[in-house]
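S.K.: Attaching a single structure in structure tokens format; questions to follow.
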Amino acid sequence: MRALVRETELTPGDLVLPLFIRPGKGEKRPIRSMPGHFQYSVDEAAKVARMAAQAGLPAVILFGIPERKDAKATDAYATDGIVQRATRAIKDAVPQLIVIADLCFCEYTDHGHCGIVRNGVIENDPTLALAAKTAISQARAGADIVAPSGMMDGQVASIRRALDRGGYLNTAILAYAAKYSSAFYGPFRDAAESPPRFGDRSTHQMDPANSREALREVQLDLQEGADIVMVKPALPYLDVVSAVKQRFGVPTAAYSVSGEFAMLKAAALNGWMDERKASIEAHLSIKRAGADFMLTYYALELARWLGEPA
Ligand code: PBG
């Protein structure tokens, strides 16, 4: 009877798998702080993408670890950049799988900041020009969705304008609209080799104490042309997910980040929690709060668990 009156359902179709792409061939390097996750070379990433599609996942999101980092984040918008090559390989191997290209510069700059830095400060507007260039290059490689995650002001508008002018009218924008300055990104910075060399990201990422500000951020991104807005992290910000969905009623995503995964994984590996039950419950709560879908490192495991009898 509980199934008859259940309000929320979690399915593999709600889950997007993040993948880290590194140079080389046949490479699959374990990420220490995220057991079960790897940095994949392009060829290996295509194999995992095929598995993801077979498991019923609708999409993957790609993060690049380039061969070379520099002050201008060159690899982020290079035609043969790491994410561009992975996008082409995945769309070739599994055309029906949606490819989301994360669009940020911290993985590509030698200083590890999400934009152009001058005198120790991130310069917002010069960074917008790079974002536009990167979006075009990702769309040209075949990305279905670009996902600006740098929290620069005006980034969605400049990307939308560039995509439209470039003829990429159908490339969608998933905006990391309310992205908090969070300690829960710790394992990711390991995985993507992207920690800032100096300072932190609190000049542009949000204060965890604020939720009204999140609504203003979401409103701006929608006005600028975002197709989907995202809240990140997920579990510590379910109130924000809920408020965004109720206020705007637009396609809303949540990013269950590396630290959320690492927390559950560590407890599970210690035998302190039932991993399957805890993971299903945590992700169900994100859906219940109002997310239409979520990015999660548990995507493949969840797809399997959800297919098994309860
Ligand atoms: C920045 C970016 C970060 C994450 C996704 N994109 C890290 C940061 O802002 O430092 C974190 C994702 C995670 O923790 O899983 N491009």
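Order determines the names: the first chain of the structure tokens is A, the second B, and so forth; residues in each chain are numbered 1 upward, and ligands are numbered 1 upward as they are shown.
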Which residues are near ligand 1 in this structure, taking near to mean any atom at most 9 Å from a ligand atom and counting only C-alpha atoms and all ligand atoms? Format them as a PyMOL selection string.

M.R.: chain A and resi 18+63+102-107+113-114+148-150+176+179-189+191-192+194-196+200-201+205+232-233+255-261+295-297

S.K.: Do a neighbour search on region 4-17 of chain A at 6 Å with only C-alpha atoms, toss out local chain neighbours closer than 6 positions, and write the hits as a list in words.

M.R.: Gly56, Leu57, Pro58, Ala59, Val60, Leu284, Arg288, Phe293, Met294, Leu295, Thr296, Ala299 and Ala303 of chain A

S.K.: Could you check the closest approach to Ala253 (chain A) for each of A:Lys25, A:Lys287, A:Lys277, A:Lys265 and tell me which residue wins, using only C-alpha atoms?

M.R.: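 Counting only C-alpha atoms, the residue closest to Ala253 (chain A) is A:Lys287.
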
S.K.: If you run DSSP on the backbone, which residues of region 39-173 of chain A are alpha helix (DSSP H), as a ChimeraX atom specification?

M.R.: /A:42-54,74-77,82-93,124-141,155-165

S.K.: Emit the selected residues as a short mmCIF file (atom, residue, chain, number, x, y, z; two decimals), in the first residue's frame, including C-alpha atoms.

M.R.:
```
data_model
loop_
_atom_site.label_atom_id
_atom_site.label_comp_id
_atom_site.auth_asym_id
_atom_site.auth_seq_id
_atom_site.Cartn_x
_atom_site.Cartn_y
_atom_site.Cartn_z
CA VAL A 42 39.48 9.55 -23.33
CA ASP A 43 39.25 5.95 -24.58
CA GLU A 44 38.44 4.60 -21.11
CA ALA A 45 35.89 7.36 -20.53
CA ALA A 46 34.04 6.24 -23.66
CA LYS A 47 33.78 2.74 -22.18
CA VAL A 48 32.37 4.03 -18.90
CA ALA A 49 29.95 6.22 -20.83
CA ARG A 50 28.65 3.15 -22.61
CA MET A 51 28.16 1.43 -19.23
CA ALA A 52 26.34 4.49 -17.93
CA ALA A 53 23.91 4.42 -20.84
CA GLN A 54 23.34 0.70 -20.39
CA THR A 74 44.21 27.54 -22.92
CA ASP A 75 43.18 23.89 -22.78
CA ALA A 76 39.66 24.84 -21.69
CA TYR A 77 38.81 26.20 -25.15
CA ILE A 82 40.75 17.29 -23.06
CA VAL A 83 37.00 17.78 -22.60
CA GLN A 84 36.48 18.47 -26.31
CA ARG A 85 38.21 15.19 -27.22
CA ALA A 86 36.27 13.23 -24.62
CA THR A 87 33.00 14.77 -25.81
CA ARG A 88 33.65 13.70 -29.39
CA ALA A 89 34.65 10.18 -28.32
CA ILE A 90 31.58 9.73 -26.12
CA LYS A 91 29.11 11.15 -28.66
CA ASP A 92 30.68 8.79 -31.24
CA ALA A 93 30.41 5.76 -28.97
CA ASN A 124 35.18 39.03 -13.82
CA ASP A 125 34.75 40.52 -17.28
CA PRO A 126 37.86 39.19 -19.03
CA THR A 127 36.78 35.79 -17.71
CA LEU A 128 33.41 36.16 -19.46
CA ALA A 129 35.13 36.35 -22.84
CA LEU A 130 36.93 33.08 -22.09
CA ALA A 131 33.66 31.48 -20.98
CA ALA A 132 32.02 32.43 -24.28
CA LYS A 133 34.93 31.01 -26.23
CA THR A 134 34.91 27.80 -24.20
CA ALA A 135 31.16 27.29 -24.65
CA ILE A 136 31.50 27.56 -28.43
CA SER A 137 34.37 25.11 -28.47
CA GLN A 138 32.47 22.62 -26.27
CA ALA A 139 29.32 22.93 -28.38
CA ARG A 140 31.33 22.44 -31.57
CA ALA A 141 32.76 19.23 -30.07
CA GLN A 155 28.50 34.36 -17.48
CA VAL A 156 25.18 32.86 -18.57
CA ALA A 157 24.32 35.90 -20.71
CA SER A 158 27.68 35.97 -22.42
CA ILE A 159 27.58 32.23 -23.10
CA ARG A 160 24.01 32.34 -24.44
CA ARG A 161 24.87 35.23 -26.75
CA ALA A 162 27.97 33.46 -28.05
CA LEU A 163 26.17 30.16 -28.61
CA ASP A 164 23.33 31.84 -30.49
CA ARG A 165 25.70 33.85 -32.68
#
```

S.K.: Using only C-alpha atoms, which residues sit within 12 Å of region 212-221 of chain A once same-chain residues fewer than 3 positions away are excluded, as a PyMOL selection string?

M.R.: chain A and resi 147-149+151-160+173-180+204-209+224-232+237+239-253

S.K.: Residues of region 121-197 of chain A in strand (DSSP E) according to DSSP, as a PyMOL selection string?

M.R.: chain A and resi 121-123+145-148+172-179

S.K.: Given the choices A:Lys69, A:Ala78, A:Val121, A:Glu308, which gets closest to Thr109 (chain A) if the distance is worked out from only C-alpha atoms?

M.R.: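 Ranked by minimum distance to Thr109 (chain A), first place goes to A:Lys69.
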
S.K.: Which neighbours of His37 (chain A) fall inside 9 Å, counting only C-alpha atoms, when residues of the same chain fewer than 5 positions from it are skipped, and could you give them as an mmCIF file with N, CA and C atoms, in the first residue's frame?

M.R.:
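Once everything was written out, this is part07.cif:
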```
data_model
loop_
_atom_site.group_PDB
_atom_site.id
_atom_site.type_symbol
_atom_site.label_atom_id
_atom_site.label_comp_id
_atom_site.auth_asym_id
_atom_site.auth_seq_id
_atom_site.Cartn_x
_atom_site.Cartn_y
_atom_site.Cartn_z
ATOM 1 N N LEU A 19 32.421 12.524 -14.671
ATOM 2 C CA LEU A 19 33.622 11.801 -15.089
ATOM 3 C C LEU A 19 34.804 12.758 -15.171
ATOM 4 N N PHE A 20 35.954 12.293 -14.715
ATOM 5 C CA PHE A 20 37.191 13.075 -14.774
ATOM 6 C C PHE A 20 38.056 12.527 -15.898
ATOM 7 N N ARG A 29 43.130 5.919 -13.380
ATOM 8 C CA ARG A 29 43.848 6.146 -12.120
ATOM 9 C C ARG A 29 42.878 6.382 -10.973
ATOM 10 N N PRO A 30 42.978 5.549 -9.945
ATOM 11 C CA PRO A 30 42.057 5.687 -8.810
ATOM 12 C C PRO A 30 42.156 7.065 -8.150
ATOM 13 N N ILE A 31 41.025 7.585 -7.712
ATOM 14 C CA ILE A 31 41.004 8.831 -6.950
ATOM 15 C C ILE A 31 40.904 8.434 -5.476
ATOM 16 N N ARG A 32 41.944 8.767 -4.749
ATOM 17 C CA ARG A 32 42.106 8.233 -3.396
ATOM 18 C C ARG A 32 40.922 8.554 -2.481
ATOM 19 N N ALA A 191 40.567 15.141 -7.027
ATOM 20 C CA ALA A 191 40.242 14.404 -8.245
ATOM 21 C C ALA A 191 40.567 15.211 -9.494
ATOM 22 N N TYR A 297 28.046 11.048 -7.628
ATOM 23 C CA TYR A 297 29.069 10.021 -7.801
ATOM 24 C C TYR A 297 28.524 8.637 -7.482
#
```

S.K.: Please compute the CA of Tyr40 (chain A)-CA of Ile21 (chain A) distance, one decimal, in Å.

M.R.: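 According to the coordinates, CA of Tyr40 (chain A) and CA of Ile21 (chain A) are separated by 4.9 Å.
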
S.K.: Nearest to Ala234 (chain A) among A:Gly290, A:Pro309, A:Gly167, A:Gly112, with distances taken over only C-alpha atoms: which residue is it?

M.R.: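 Going through A:Gly290, A:Pro309, A:Gly167, A:Gly112 one by one, the smallest distance to Ala234 (chain A) is for A:Gly290.
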
S.K.: What does the distance between CA of Asp70 (chain A) and CA of His111 (chain A) come to in Å, to one decimal place?

M.R.: 7.9 Å
